[in-house]
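Enquirer: Once you've had a glance at the structure underneath, I'll fire off some questions.
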Amino acid sequence: MEILKIINLCKTYGYTEAQVKALNHVNLSVKQGEFVAIVGASGSGKSSLLHLIGGVDRPTSGQVIIDGVDIYSKNEKELALFRRRKIGFIFQSYNLIPVLTTEENIKLPMLLERKTDEGYVDELLGILGLMDRRHHLPSELSGGQQQRAAIGRALINKPSIILADEPTGNLDSKHSKEIVDLLTFSVKKYNQTLIMITHDLNIAQRADRVVYIQDGFLKQNEVSTH
Ligand SMILES: Nc1ncnc2c1ncn2[C@@H]1O[C@H](COP(=O)(O)OP(=O)(O)O)[C@@H](O)[C@H]1O
Ligand SMILES: [Mg+2]
């Protein structure tokens, strides 16, 4: 089943001479349960694409269709709700809330949905290795721990699509592998779709498919064999 379809997506930042065409008529189709890795040089448009898939920005033109719904036909409020229920976004810069503890940061999207599932909170804290850091503030955590808390927050509502912007960018190879193990475990368990930007070829190799971005153009002729 196709969960995501991107049609002729364009994103231009700025006006006149300062214009940057970050995405140029990008087309992509992703099936439910697929793990797609996005690779490309810095500045090639990877984050712009991920933000548009996640409904965090608006395109200049083109469509993003998730579960049959054109997400940019929604107003801001509808889009925010849709994002909270369907999308788990792991930002490159974590974006944790500084005055909330690890546990509170992870639970926030669930509380906004007026739901509770203490069992799943504990399960996540356990797999993320954050059980003994649950009452700490982000400022009291290492970079790797903050990154894992951000991952917990993205997973808590069991979203259908997980979007990860270089989730292992600040980790050594051992911890990188653990993070990807965790994400692929969650994806299998809950039949989620994972789209991950990475510079790490060892990680890209584990994806079902690798797509390349160069200067805002998506190339997807190189399909991996497994
Ligand atoms: N908010 C913005 N305003 C202006 N230009 C931007 C903005 N965000 C990104 N860009 C530009 O768009 C291009 C693609 O950026 P980005 O999607 O962040 O690339 P990547 O994630 O691959 O490094 C770059 O040239 C970048 O400078
Ligand atoms: Mg980026």
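Chain labels run A, B, ... following the order of the structure tokens; each chain numbers its residues from 1, and ligands are numbered from 1 in the order shown.
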Hey, what does DSSP flag as alpha helix (DSSP H) within region 13-166 of chain A? Can you give it to me as number ranges by chain?
Expert: A: 46-53, 76-86, 102-112, 118-127, 143-155
Enquirer: Once you have the residues from the selection above, write them out as a compact mmCIF listing (two decimals), in the first residue's frame, restricted to N, CA and C atoms.
Expert:
```
# COMPACT_ATOMS: atom_id res chain seq x y z
N LYS A 46 17.84 18.08 1.40
CA LYS A 46 17.32 16.94 2.18
C LYS A 46 16.36 17.38 3.28
N SER A 47 16.81 18.35 4.10
CA SER A 47 15.94 18.78 5.21
C SER A 47 14.68 19.45 4.69
N SER A 48 14.82 20.24 3.63
CA SER A 48 13.64 20.89 3.04
C SER A 48 12.61 19.84 2.65
N LEU A 49 13.06 18.75 2.02
CA LEU A 49 12.15 17.69 1.61
C LEU A 49 11.49 17.04 2.81
N LEU A 50 12.28 16.73 3.84
CA LEU A 50 11.73 16.06 5.02
C LEU A 50 10.71 16.96 5.73
N HIS A 51 11.03 18.25 5.82
CA HIS A 51 10.09 19.19 6.46
C HIS A 51 8.77 19.23 5.70
N LEU A 52 8.84 19.20 4.38
CA LEU A 52 7.61 19.25 3.59
C LEU A 52 6.81 17.95 3.71
N ILE A 53 7.50 16.82 3.82
CA ILE A 53 6.78 15.56 4.01
C ILE A 53 6.08 15.58 5.38
N GLU A 76 -3.95 25.37 8.94
CA GLU A 76 -2.86 25.18 9.90
C GLU A 76 -3.27 24.28 11.07
N LYS A 77 -4.49 24.49 11.56
CA LYS A 77 -4.93 23.73 12.73
C LYS A 77 -5.10 22.24 12.38
N GLU A 78 -5.74 22.00 11.23
CA GLU A 78 -5.93 20.61 10.80
C GLU A 78 -4.58 19.94 10.54
N LEU A 79 -3.67 20.72 9.96
CA LEU A 79 -2.34 20.18 9.64
C LEU A 79 -1.58 19.82 10.91
N ALA A 80 -1.70 20.67 11.93
CA ALA A 80 -1.01 20.41 13.20
C ALA A 80 -1.52 19.12 13.84
N LEU A 81 -2.83 18.91 13.79
CA LEU A 81 -3.43 17.70 14.35
C LEU A 81 -2.97 16.46 13.60
N PHE A 82 -2.99 16.58 12.27
CA PHE A 82 -2.59 15.50 11.39
C PHE A 82 -1.14 15.09 11.69
N ARG A 83 -0.30 16.12 11.83
CA ARG A 83 1.12 15.90 12.09
C ARG A 83 1.31 15.16 13.41
N ARG A 84 0.58 15.59 14.43
CA ARG A 84 0.74 14.98 15.75
C ARG A 84 0.32 13.52 15.75
N ARG A 85 -0.69 13.19 14.96
CA ARG A 85 -1.21 11.81 14.96
C ARG A 85 -0.47 10.89 14.03
N LYS A 86 -0.04 11.42 12.90
CA LYS A 86 0.48 10.54 11.84
C LYS A 86 2.01 10.55 11.72
N THR A 102 13.11 14.67 30.69
CA THR A 102 13.17 13.66 29.63
C THR A 102 11.80 13.00 29.45
N GLU A 103 11.25 12.52 30.58
CA GLU A 103 9.98 11.81 30.52
C GLU A 103 8.86 12.72 30.02
N GLU A 104 8.84 13.97 30.51
CA GLU A 104 7.79 14.90 30.09
C GLU A 104 7.92 15.26 28.61
N ASN A 105 9.15 15.41 28.15
CA ASN A 105 9.36 15.69 26.72
C ASN A 105 8.82 14.54 25.86
N ILE A 106 9.12 13.31 26.29
CA ILE A 106 8.68 12.14 25.52
C ILE A 106 7.15 12.03 25.54
N LYS A 107 6.54 12.34 26.70
CA LYS A 107 5.09 12.17 26.83
C LYS A 107 4.27 13.29 26.19
N LEU A 108 4.91 14.41 25.91
CA LEU A 108 4.16 15.60 25.48
C LEU A 108 3.18 15.35 24.33
N PRO A 109 3.62 14.73 23.21
CA PRO A 109 2.66 14.53 22.10
C PRO A 109 1.47 13.66 22.50
N MET A 110 1.70 12.74 23.46
CA MET A 110 0.63 11.86 23.91
C MET A 110 -0.35 12.65 24.79
N LEU A 111 0.20 13.51 25.67
CA LEU A 111 -0.67 14.32 26.54
C LEU A 111 -1.52 15.27 25.72
N LEU A 112 -0.93 15.81 24.64
CA LEU A 112 -1.69 16.71 23.77
C LEU A 112 -2.86 15.98 23.12
N GLU A 118 1.29 4.61 30.27
CA GLU A 118 2.51 4.59 31.08
C GLU A 118 3.39 3.39 30.72
N GLY A 119 2.73 2.28 30.34
CA GLY A 119 3.48 1.09 29.97
C GLY A 119 4.40 1.37 28.79
N TYR A 120 3.87 2.07 27.79
CA TYR A 120 4.68 2.35 26.60
C TYR A 120 5.76 3.39 26.90
N VAL A 121 5.44 4.35 27.79
CA VAL A 121 6.45 5.33 28.20
C VAL A 121 7.64 4.60 28.82
N ASP A 122 7.34 3.67 29.75
CA ASP A 122 8.40 2.91 30.40
C ASP A 122 9.16 2.03 29.41
N GLU A 123 8.41 1.43 28.48
CA GLU A 123 9.05 0.58 27.48
C GLU A 123 10.06 1.40 26.67
N LEU A 124 9.61 2.59 26.22
CA LEU A 124 10.50 3.45 25.43
C LEU A 124 11.70 3.91 26.24
N LEU A 125 11.45 4.36 27.48
CA LEU A 125 12.57 4.81 28.32
C LEU A 125 13.59 3.68 28.47
N GLY A 126 13.06 2.46 28.59
CA GLY A 126 13.93 1.30 28.72
C GLY A 126 14.76 1.06 27.47
N ILE A 127 14.09 0.96 26.32
CA ILE A 127 14.86 0.66 25.09
C ILE A 127 15.81 1.81 24.75
N GLY A 143 24.63 14.89 24.57
CA GLY A 143 24.05 15.04 23.23
C GLY A 143 23.34 13.78 22.78
N GLY A 144 23.99 12.63 23.02
CA GLY A 144 23.40 11.36 22.61
C GLY A 144 22.10 11.07 23.36
N GLN A 145 22.09 11.42 24.66
CA GLN A 145 20.86 11.20 25.46
C GLN A 145 19.74 12.12 25.00
N GLN A 146 20.08 13.37 24.65
CA GLN A 146 19.06 14.29 24.14
C GLN A 146 18.49 13.76 22.83
N GLN A 147 19.37 13.23 22.00
CA GLN A 147 18.93 12.68 20.72
C GLN A 147 17.97 11.51 20.95
N ARG A 148 18.30 10.67 21.94
CA ARG A 148 17.42 9.52 22.22
C ARG A 148 16.08 9.98 22.79
N ALA A 149 16.10 11.04 23.60
CA ALA A 149 14.84 11.59 24.13
C ALA A 149 13.98 12.11 22.96
N ALA A 150 14.63 12.76 22.01
CA ALA A 150 13.91 13.29 20.84
C ALA A 150 13.31 12.14 20.03
N ILE A 151 14.01 11.01 20.00
CA ILE A 151 13.49 9.84 19.29
C ILE A 151 12.28 9.28 20.03
N GLY A 152 12.37 9.23 21.37
CA GLY A 152 11.24 8.76 22.17
C GLY A 152 10.00 9.61 21.92
N ARG A 153 10.20 10.91 21.88
CA ARG A 153 9.08 11.82 21.64
C ARG A 153 8.47 11.57 20.26
N ALA A 154 9.30 11.25 19.28
CA ALA A 154 8.78 11.00 17.94
C ALA A 154 8.01 9.69 17.86
N LEU A 155 8.37 8.73 18.74
CA LEU A 155 7.74 7.40 18.66
C LEU A 155 6.49 7.26 19.53
```
Enquirer: Residues up to 8 Å from ligand 2, counting only C-alpha atoms and all ligand atoms: could you list those as JSON, numbers by chain?
Expert: {"A": [42, 43, 45, 46, 47, 48, 92, 165, 166, 197]}
Enquirer: Among region 31-192 of chain A, which residues carry a DSSP assignment of strand (DSSP E or B), reported as a list in words?
Expert: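 Answer for region 31-192 of chain A restricted to strand (DSSP E or B) is Lys31, Phe35, Val36, Ala37, Ile38, Val39, Ser61, Gly62, Gln63, Val64, Ile65, Ile66, Val69, Asp70, Ile87, Gly88, Phe89, Ile90, Ile161, Ile162, Leu163, Ala164 and Asp165 of chain A.
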Enquirer: For the residues in the current selection, export C-alpha atoms as a PDB file, in the first residue's frame.
Expert:
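Dumped to out20.pdb:
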```
ATOM      1  CA  LYS A  31       4.978   2.064   0.502  1.00  0.00           C
ATOM      2  CA  PHE A  35      12.587   2.191   5.093  1.00  0.00           C
ATOM      3  CA  VAL A  36      13.874   4.849   2.699  1.00  0.00           C
ATOM      4  CA  ALA A  37      17.234   6.539   3.206  1.00  0.00           C
ATOM      5  CA  ILE A  38      17.831   9.982   1.742  1.00  0.00           C
ATOM      6  CA  VAL A  39      21.435  10.881   1.015  1.00  0.00           C
ATOM      7  CA  SER A  61       4.099  24.161  -5.549  1.00  0.00           C
ATOM      8  CA  GLY A  62       3.297  20.488  -5.803  1.00  0.00           C
ATOM      9  CA  GLN A  63       1.599  18.010  -3.493  1.00  0.00           C
ATOM     10  CA  VAL A  64       2.361  15.746  -0.556  1.00  0.00           C
ATOM     11  CA  ILE A  65      -0.225  13.002  -0.207  1.00  0.00           C
ATOM     12  CA  ILE A  66      -0.206  10.910   2.947  1.00  0.00           C
ATOM     13  CA  VAL A  69      -4.873  12.994   1.876  1.00  0.00           C
ATOM     14  CA  ASP A  70      -3.302  16.063   0.258  1.00  0.00           C
ATOM     15  CA  ILE A  87       4.043  11.847  11.868  1.00  0.00           C
ATOM     16  CA  GLY A  88       6.943  11.314  14.219  1.00  0.00           C
ATOM     17  CA  PHE A  89       9.592  13.914  13.433  1.00  0.00           C
ATOM     18  CA  ILE A  90      13.129  13.612  14.749  1.00  0.00           C
ATOM     19  CA  ILE A 161       5.490   7.715   9.360  1.00  0.00           C
ATOM     20  CA  ILE A 162       8.759   8.417  11.145  1.00  0.00           C
ATOM     21  CA  LEU A 163      10.867  11.174   9.625  1.00  0.00           C
ATOM     22  CA  ALA A 164      14.412  11.382  10.919  1.00  0.00           C
ATOM     23  CA  ASP A 165      16.851  14.139   9.985  1.00  0.00           C
TER      24      ASP A 165
END
```
Enquirer: Pick from A:Glu178, A:Asp215, A:Glu140, A:Asp132: nearest to ligand 1, with only C-alpha atoms and all ligand atoms counted?
Expert: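 Distance minimum relative to ligand 1 lands on A:Asp215.
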Enquirer: Please, what distance in Å, to one decimal, runs between CA of Asn170 (chain A) and CA of Thr12 (chain A)?
Expert: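 Atom-to-atom, CA of Asn170 (chain A) and CA of Thr12 (chain A) are spaced 28.8 Å apart.
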Enquirer: Choose the residue, out of A:Leu218, A:Leu128, A:Ile156, A:Leu141, that has the smallest atom-to-atom separation from ligand 1; count only C-alpha atoms and all ligand atoms.
Expert: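 Using only C-alpha atoms and all ligand atoms, ligand 1 sits closest to A:Leu218.
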Enquirer: Of the candidates A:His199, A:Thr168, A:His25, A:Asn191, which shows the shortest atom-to-atom distance to Met1 (chain A), using only C-alpha atoms?
Expert: A:Asn191
Enquirer: Between A:Val20, A:Leu28, A:Ile179, A:Met131, single out the one closest to ligand 1, counting only C-alpha atoms and all ligand atoms.
Expert: A:Val20
Enquirer: Write out as a list in words which residues come within 9 Å of Asn27 (chain A) when counting only C-alpha atoms, dropping same-chain ones fewer than 3 positions away.
Expert: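 What passes the distance filter is Lys5, Ile6, Ile7, Asn8, Leu9 and Leu218 of chain A.
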Enquirer: In Å, how far is it from CA of Tyr212 (chain A) to CA of Lys158 (chain A)?
Expert: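 Pair CA of Tyr212 (chain A) / CA of Lys158 (chain A) returns 27.4 Å.
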Enquirer: Using only C-alpha atoms, which residue out of A:Ala41, A:Leu96, A:Thr116, A:Thr60 lies closest to Val26 (chain A)?
Expert: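 Comparing A:Ala41, A:Leu96, A:Thr116, A:Thr60 against Val26 (chain A), the winner is A:Thr60.
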